[in-house]
Amino acid sequence: MRAGPALLLAALAALAAPATGGGEHRTIWLEPGDEHLGVTLRMRSDAFSLVGGVRALVVHEDEGELRLTYCNRLADHTIVHIHGINPQENGDGQDGFPLVRSWTIAPGESKHVQYALRQTGTYFLHSHLFMQQHHGLVMPLIIRERAPPPGFGIGAAELQRAHDALVLLEERCPYREADPKPALCASDQAEQVLQGMRHHWAKVESSLEETFQGCSDAGDGLDVQFLHHLVNGQQHYNLTIDPPQRPPQDTPASELVRVRILNGASMTSYKVFLPSNSTIIKADGSWVVPQSLPHVWVGVGQRYEVLVRATSAFMLSAAAESFTHVPLPHERASLRVAFNTPVPDTAPGGRRSRGSSGSGSSSSGSTDVLDQLLAATGTADDSIDGVLEQFPPEAVSFADAENYTYRITGHHGYMSLNGSGVIFPEPAAMRAGGGDYGVRCVGQPAEMVVRYGGKYCVTLINADADAHVFHLHGHEMTTVETSSAHARRSQLAAWRDSVVVPGGNCARRTVCFVADNAAGGYWPMHCHMSYHLAAGMLLFLRYEEQSEARGARRELPEADGLCARLARLSRAHELAQEKVRDWSIPLVVLALMGAGAACVAVGCVVRRRRKQARYYNMSLSAAVGSAPVTHSSGEREREESERERERERERERAMVMP
Ligand SMILES: [Cu+2]
């Protein structure tokens with residue numbers, strides 16, 4: 001790809017974008033990080049806000065559209081996927097999956113994406129290339145709703161009164177269970193660990209048939225361990241909220257805090273213990289019938305929104321999957337929320353004395369902590385999907401849906417679905433690869449062919465010892481069968497985009513969806529655990545061409561297979577791009593001066609590495625062993641957000657000065 005014209009075109013597209021209507025245009029830079037604790041990459045923008053002291057992209061549904069330009073200042077290709085958002089077009093890689101090489105963003109180039117806002121809730125941006133998410137390319141996205149659905153039971157005014165808090169779960173510094181625990185983490189540790197795991201899987205002696213058809217016992221530990229488990233970049237994150245001054249007659253009996261839990265980790269599911277007076281209101285961005293639960297397993301990529309009615313300080317603690325042992329200190333992380341001015345004494349039902357723990361701090365007592373520690377031992381399950389119900393319930397029946405079944409297996413150097421895997425190239429290989437994108441398929445790739453408007457159910461049977469978390473792009477799924485309850489439930493389970501499939505004993509679960517994405521084409525469904533995805537645990541949902549015979553729907557591609565088809569698609573796309581570029585060269589030359597200046601202004605071509613300690617870097621330096629940093633919320637947070645944006649703009653201005 002000729003970088004110059006493409007760069008200018010991208011800059012032109014980014015500059016032209018704000019004129020097309022819709023919401024605010026936001027630019028996000030993908031940059032090197034400071035390499036502390038293996039965080040070598042980061043996302044940065046002057047459009048980020050602070051939510052409970054944590055940087056997040058915050059938009060309002062009223063904006064109508066989400067318009068972003070990604071500028072790649074990394075040495076490698078990258079691509080950004082917005083997890084859980086279902087774009088209705090994917091022809092130019094709007095979904096952020098590297099199906100064809102030209103959809104990735106080359107070093108020094110930029111890409112504009114634009115979505116109609118049809119969803120609200122908590123989502124996140126992350127790189128979908130190799131291990132880049134693990135290296136720091138993660139950013140929470142909050143889409144604020146106008147109001148909850150009618151009849152929800154919690155009103156718009158109440159939700160607007162709630163303070164926002166984030167629990168961004170992440171792990172740092174991986175090592176293989178089989179290897180000695182490292183004292184420090186190297187920047188390429190994730191790649192080394194993956195290589196070791198592939199080597200280990202390849203050495204397994206059983207035949208493919210055995211691992212494919214048999215049932216492993218549940219594993220007794222994760223293949224990958226981590227030195228650190230973090231909430232918002234720290235092991236114990238303290239948030240102090242500044243409730244607004246209100247006249248006594250308007251002062252509520254409790255403060256409302258909307259805690260947005262987001263598992264941005266690469267391998268670890270967490271058991272999150274909730275305060276006793278909390279209510280789950282959303283799962284993966286979808287409204288659910290408000291539900292109070294003592295704890296919830298949060299698999300990688302999953303999100304929950306929890307409304308806490310706090311009469312005093314409270315805590316949410318998260319324990320990493322610990323299988324057979326009580327979680328060790330480094331396997332636990334927490335968010336503690338306190339209030340700068342006392343919450344009014346008058347709780348419903350009478351007065352309580354100031355300083356008492358109150359129901360809101362149920363998790364802070366030592367007995368409770370002990371109980372939680374003992375209860376945290378175990379592995380992720382999907383029982384919550386038998387409990388949470390969508391709101392409002394949709395009258396969709398999957399009784400007549402078509403079914404696909406996939407057996408999940410490991411070993412043989414890759415992770416597979418029905419014995420096959422699809423392995424995407426590493427950024428280093430893409431750098432050196434020239435025109436060869438180098439997607440590698442093992443066996444016949446699994447492909448689920450659907451027609452627009454059809455209903456489909458997918459049964460996942462886990463023949464593997466490890467749990468997996470399956471994420472479907474472009475669609476929402478509802479659970480009809482969990483691994484523990486094999487009776488099909490009524491079709492009211494929460495709509496979500498990521499589901500846990502527990503490990504061992506051929507645990508099986510069934511999820512269903514409507515093929516309702518108008519864009520058609522290919523949509524990935526894959527394990528969201530980074531090491532499993534990198535090792536091939538991926539299948540494609542493909543909308544059948546209109547000309548395709550109905551009877552051929554279930555046939556897998558013949559000898560040329562998905563890999564060849566992917567290669568053809570990639571090549572066709574490259575050729576189309578080249579035609580566009582050839583046609584556009586005179587235009588580019590004419591626009592050279594103006595575009596060049598404008599491009600510098602938006603910062604796309606400035607690839608200077610900077611060392612300011614911000615966001616992850618700032619928080620991670622305080623992550624381990626040190627006293628937790630306290631962040632405040634409320635009015636001060638909004639002001640700080642604004643000041644930070646201004647500082648960011650100043651830094652940008654300074655960068656383009658000679
Ligand atoms: Cu997996």
# chains A, B, ... in the order shown; residues from 1 in each chain; ligands from 1

$ residues_near_ligand --ligand "ligand 1" --cutoff "6 Å" --atoms "only C-alpha atoms and all ligand atoms" --output "ChimeraX atom specification"
/A:468-469,527,529,532

$ residues_around --residues "segment 76-79 of chain A" --least-positions-apart "3" --cutoff "12 Å" --atoms "only C-alpha atoms" --output "PyMOL selection string"
chain A and resi 29-32+41-43+69-73+82+92-113+125-133+137-138+425-433+437

$ closest_residue --among "A:Val326, A:Val288, A:Ile423, A:Met139" --to "Ile384 of chain A" --atoms "only C-alpha atoms"
A:Val288

$ atom_distance --atom1 "atom CA of Glu321 of chain A" --atom2 "atom CA of Thr379 of chain A"
5.3 Å

$ select_by_dssp --residues "segment 69-195 of chain A" --states "strand (DSSP E)" --output "number ranges by chain"
A: 69-72, 80-83, 110-116, 121-127, 138-144, 163-176

$ atom_distance --atom1 "atom CA of Leu293 of chain A" --atom2 "atom CA of Ala338 of chain A"
21.6 Å

$ atom_distance --atom1 "atom CA of Val442 of chain A" --atom2 "atom CA of Phe513 of chain A"
27.1 Å

$ residues_around --residues "Asp217 of chain A" --least-positions-apart "4" --cutoff "9 Å" --atoms "only C-alpha atoms" --output "MDAnalysis selection string"
chainID A and resid 463:465 503:506

$ closest_atom_pairs --of "segment 274-329 of chain A" --to "segment 225-242 of chain A" --cutoff "9 Å" --atoms "only C-alpha atoms" --output "tab-separated table"
residue	atom	partner	partner_atom	distance
A:Ala313	CA	A:Thr240	CA	9.0
A:Ser317	CA	A:His236	CA	8.9
A:Ala318	CA	A:Val231	CA	8.4
A:Ala319	CA	A:His229	CA	8.7
A:Ala320	CA	A:His229	CA	7.5

$ write_last_selection --atoms "N, CA, C and O atoms" --output "PDB file, in the first residue's frame"
ATOM      1  N   ALA A 313     -20.094   4.054  52.854  1.00  0.00           N
ATOM      2  CA  ALA A 313     -19.073   3.526  51.940  1.00  0.00           C
ATOM      3  C   ALA A 313     -19.368   2.060  51.624  1.00  0.00           C
ATOM      4  O   ALA A 313     -19.956   1.345  52.432  1.00  0.00           O
ATOM      5  N   SER A 317     -15.557  -6.446  45.463  1.00  0.00           N
ATOM      6  CA  SER A 317     -14.274  -7.125  45.311  1.00  0.00           C
ATOM      7  C   SER A 317     -14.377  -8.162  44.206  1.00  0.00           C
ATOM      8  O   SER A 317     -15.435  -8.762  43.981  1.00  0.00           O
ATOM      9  N   ALA A 318     -13.263  -8.331  43.521  1.00  0.00           N
ATOM     10  CA  ALA A 318     -13.212  -9.270  42.398  1.00  0.00           C
ATOM     11  C   ALA A 318     -12.125 -10.294  42.679  1.00  0.00           C
ATOM     12  O   ALA A 318     -11.017  -9.934  43.067  1.00  0.00           O
ATOM     13  N   ALA A 319     -12.459 -11.572  42.494  1.00  0.00           N
ATOM     14  CA  ALA A 319     -11.473 -12.633  42.679  1.00  0.00           C
ATOM     15  C   ALA A 319     -11.288 -13.359  41.361  1.00  0.00           C
ATOM     16  O   ALA A 319     -12.262 -13.746  40.710  1.00  0.00           O
ATOM     17  N   ALA A 320     -10.023 -13.503  40.958  1.00  0.00           N
ATOM     18  CA  ALA A 320      -9.740 -14.235  39.722  1.00  0.00           C
ATOM     19  C   ALA A 320     -10.117 -15.700  39.915  1.00  0.00           C
ATOM     20  O   ALA A 320     -10.076 -16.214  41.032  1.00  0.00           O
TER      21      ALA A 320
END

$ select_by_dssp --residues "segment 74-310 of chain A" --states "helix (DSSP H, G or I)" --output "MDAnalysis selection string"
chainID A and resid 101:103 156:161 189:203 208:213 248:250

$ residues_around --residues "Arg55 of chain A" --least-positions-apart "2" --cutoff "10 Å" --atoms "only C-alpha atoms" --output "VMD selection string"
chain A and resid 44 to 45 47 to 53 57 to 58 139 to 141 166 232 614 to 616 641

$ write_last_selection --atoms "N, CA and C atoms" --output "mmCIF file, in the first residue's frame"
data_model
loop_
_atom_site.group_PDB
_atom_site.id
_atom_site.type_symbol
_atom_site.label_atom_id
_atom_site.label_comp_id
_atom_site.auth_asym_id
_atom_site.auth_seq_id
_atom_site.Cartn_x
_atom_site.Cartn_y
_atom_site.Cartn_z
ATOM 1 N N ARG A 44 -5.238 7.146 23.259
ATOM 2 C CA ARG A 44 -5.266 8.473 23.858
ATOM 3 C C ARG A 44 -6.165 9.367 23.009
ATOM 4 N N SER A 45 -6.806 10.321 23.669
ATOM 5 C CA SER A 45 -7.683 11.229 22.925
ATOM 6 C C SER A 45 -7.948 12.450 23.777
ATOM 7 N N ALA A 47 -10.854 13.555 23.631
ATOM 8 C CA ALA A 47 -12.312 13.405 23.757
ATOM 9 C C ALA A 47 -12.680 12.493 24.920
ATOM 10 N N PHE A 48 -11.697 12.019 25.678
ATOM 11 C CA PHE A 48 -12.019 11.146 26.799
ATOM 12 C C PHE A 48 -12.538 11.949 27.981
ATOM 13 N N SER A 49 -13.377 11.337 28.781
ATOM 14 C CA SER A 49 -13.852 11.937 30.025
ATOM 15 C C SER A 49 -13.380 11.068 31.176
ATOM 16 N N LEU A 50 -13.398 11.643 32.368
ATOM 17 C CA LEU A 50 -13.096 10.843 33.547
ATOM 18 C C LEU A 50 -14.406 10.331 34.129
ATOM 19 N N VAL A 51 -14.492 9.029 34.312
ATOM 20 C CA VAL A 51 -15.676 8.413 34.923
ATOM 21 C C VAL A 51 -15.180 7.697 36.175
ATOM 22 N N GLY A 52 -15.505 8.248 37.326
ATOM 23 C CA GLY A 52 -14.955 7.688 38.563
ATOM 24 C C GLY A 52 -13.440 7.705 38.550
ATOM 25 N N GLY A 53 -12.855 8.734 37.934
ATOM 26 C CA GLY A 53 -11.401 8.856 37.886
ATOM 27 C C GLY A 53 -10.752 8.044 36.777
ATOM 28 N N LEU A 57 -14.450 6.845 26.986
ATOM 29 C CA LEU A 57 -15.110 7.588 25.921
ATOM 30 C C LEU A 57 -16.590 7.623 26.289
ATOM 31 N N VAL A 58 -17.143 8.819 26.469
ATOM 32 C CA VAL A 58 -18.536 8.936 26.908
ATOM 33 C C VAL A 58 -19.338 9.670 25.834
ATOM 34 N N MET A 139 -10.127 0.660 25.854
ATOM 35 C CA MET A 139 -10.731 1.893 26.350
ATOM 36 C C MET A 139 -12.229 1.692 26.575
ATOM 37 N N PRO A 140 -12.721 1.942 27.796
ATOM 38 C CA PRO A 140 -14.167 1.818 28.025
ATOM 39 C C PRO A 140 -14.952 2.843 27.205
ATOM 40 N N LEU A 141 -16.120 2.431 26.751
ATOM 41 C CA LEU A 141 -17.040 3.326 26.034
ATOM 42 C C LEU A 141 -18.374 3.290 26.768
ATOM 43 N N LEU A 166 -16.567 3.067 37.536
ATOM 44 C CA LEU A 166 -16.136 2.005 36.628
ATOM 45 C C LEU A 166 -15.317 0.968 37.386
ATOM 46 N N ASN A 232 -9.175 -0.809 37.508
ATOM 47 C CA ASN A 232 -8.808 0.550 37.078
ATOM 48 C C ASN A 232 -7.312 0.804 37.231
ATOM 49 N N ARG A 614 0.513 9.104 32.002
ATOM 50 C CA ARG A 614 -0.906 9.380 32.078
ATOM 51 C C ARG A 614 -1.669 8.081 31.989
ATOM 52 N N TYR A 615 -2.943 8.138 32.327
ATOM 53 C CA TYR A 615 -3.846 7.001 32.237
ATOM 54 C C TYR A 615 -3.209 5.771 32.849
ATOM 55 N N TYR A 616 -3.078 4.662 32.080
ATOM 56 C CA TYR A 616 -2.558 3.429 32.654
ATOM 57 C C TYR A 616 -1.201 3.655 33.309
ATOM 58 N N SER A 641 -12.143 16.676 34.112
ATOM 59 C CA SER A 641 -12.267 16.168 32.747
ATOM 60 C C SER A 641 -12.005 17.282 31.749
#

$ closest_residue --among "A:Val422, A:Glu447, A:Pro275, A:Ala283" --to "Glu389 of chain A" --atoms "only C-alpha atoms"
A:Ala283
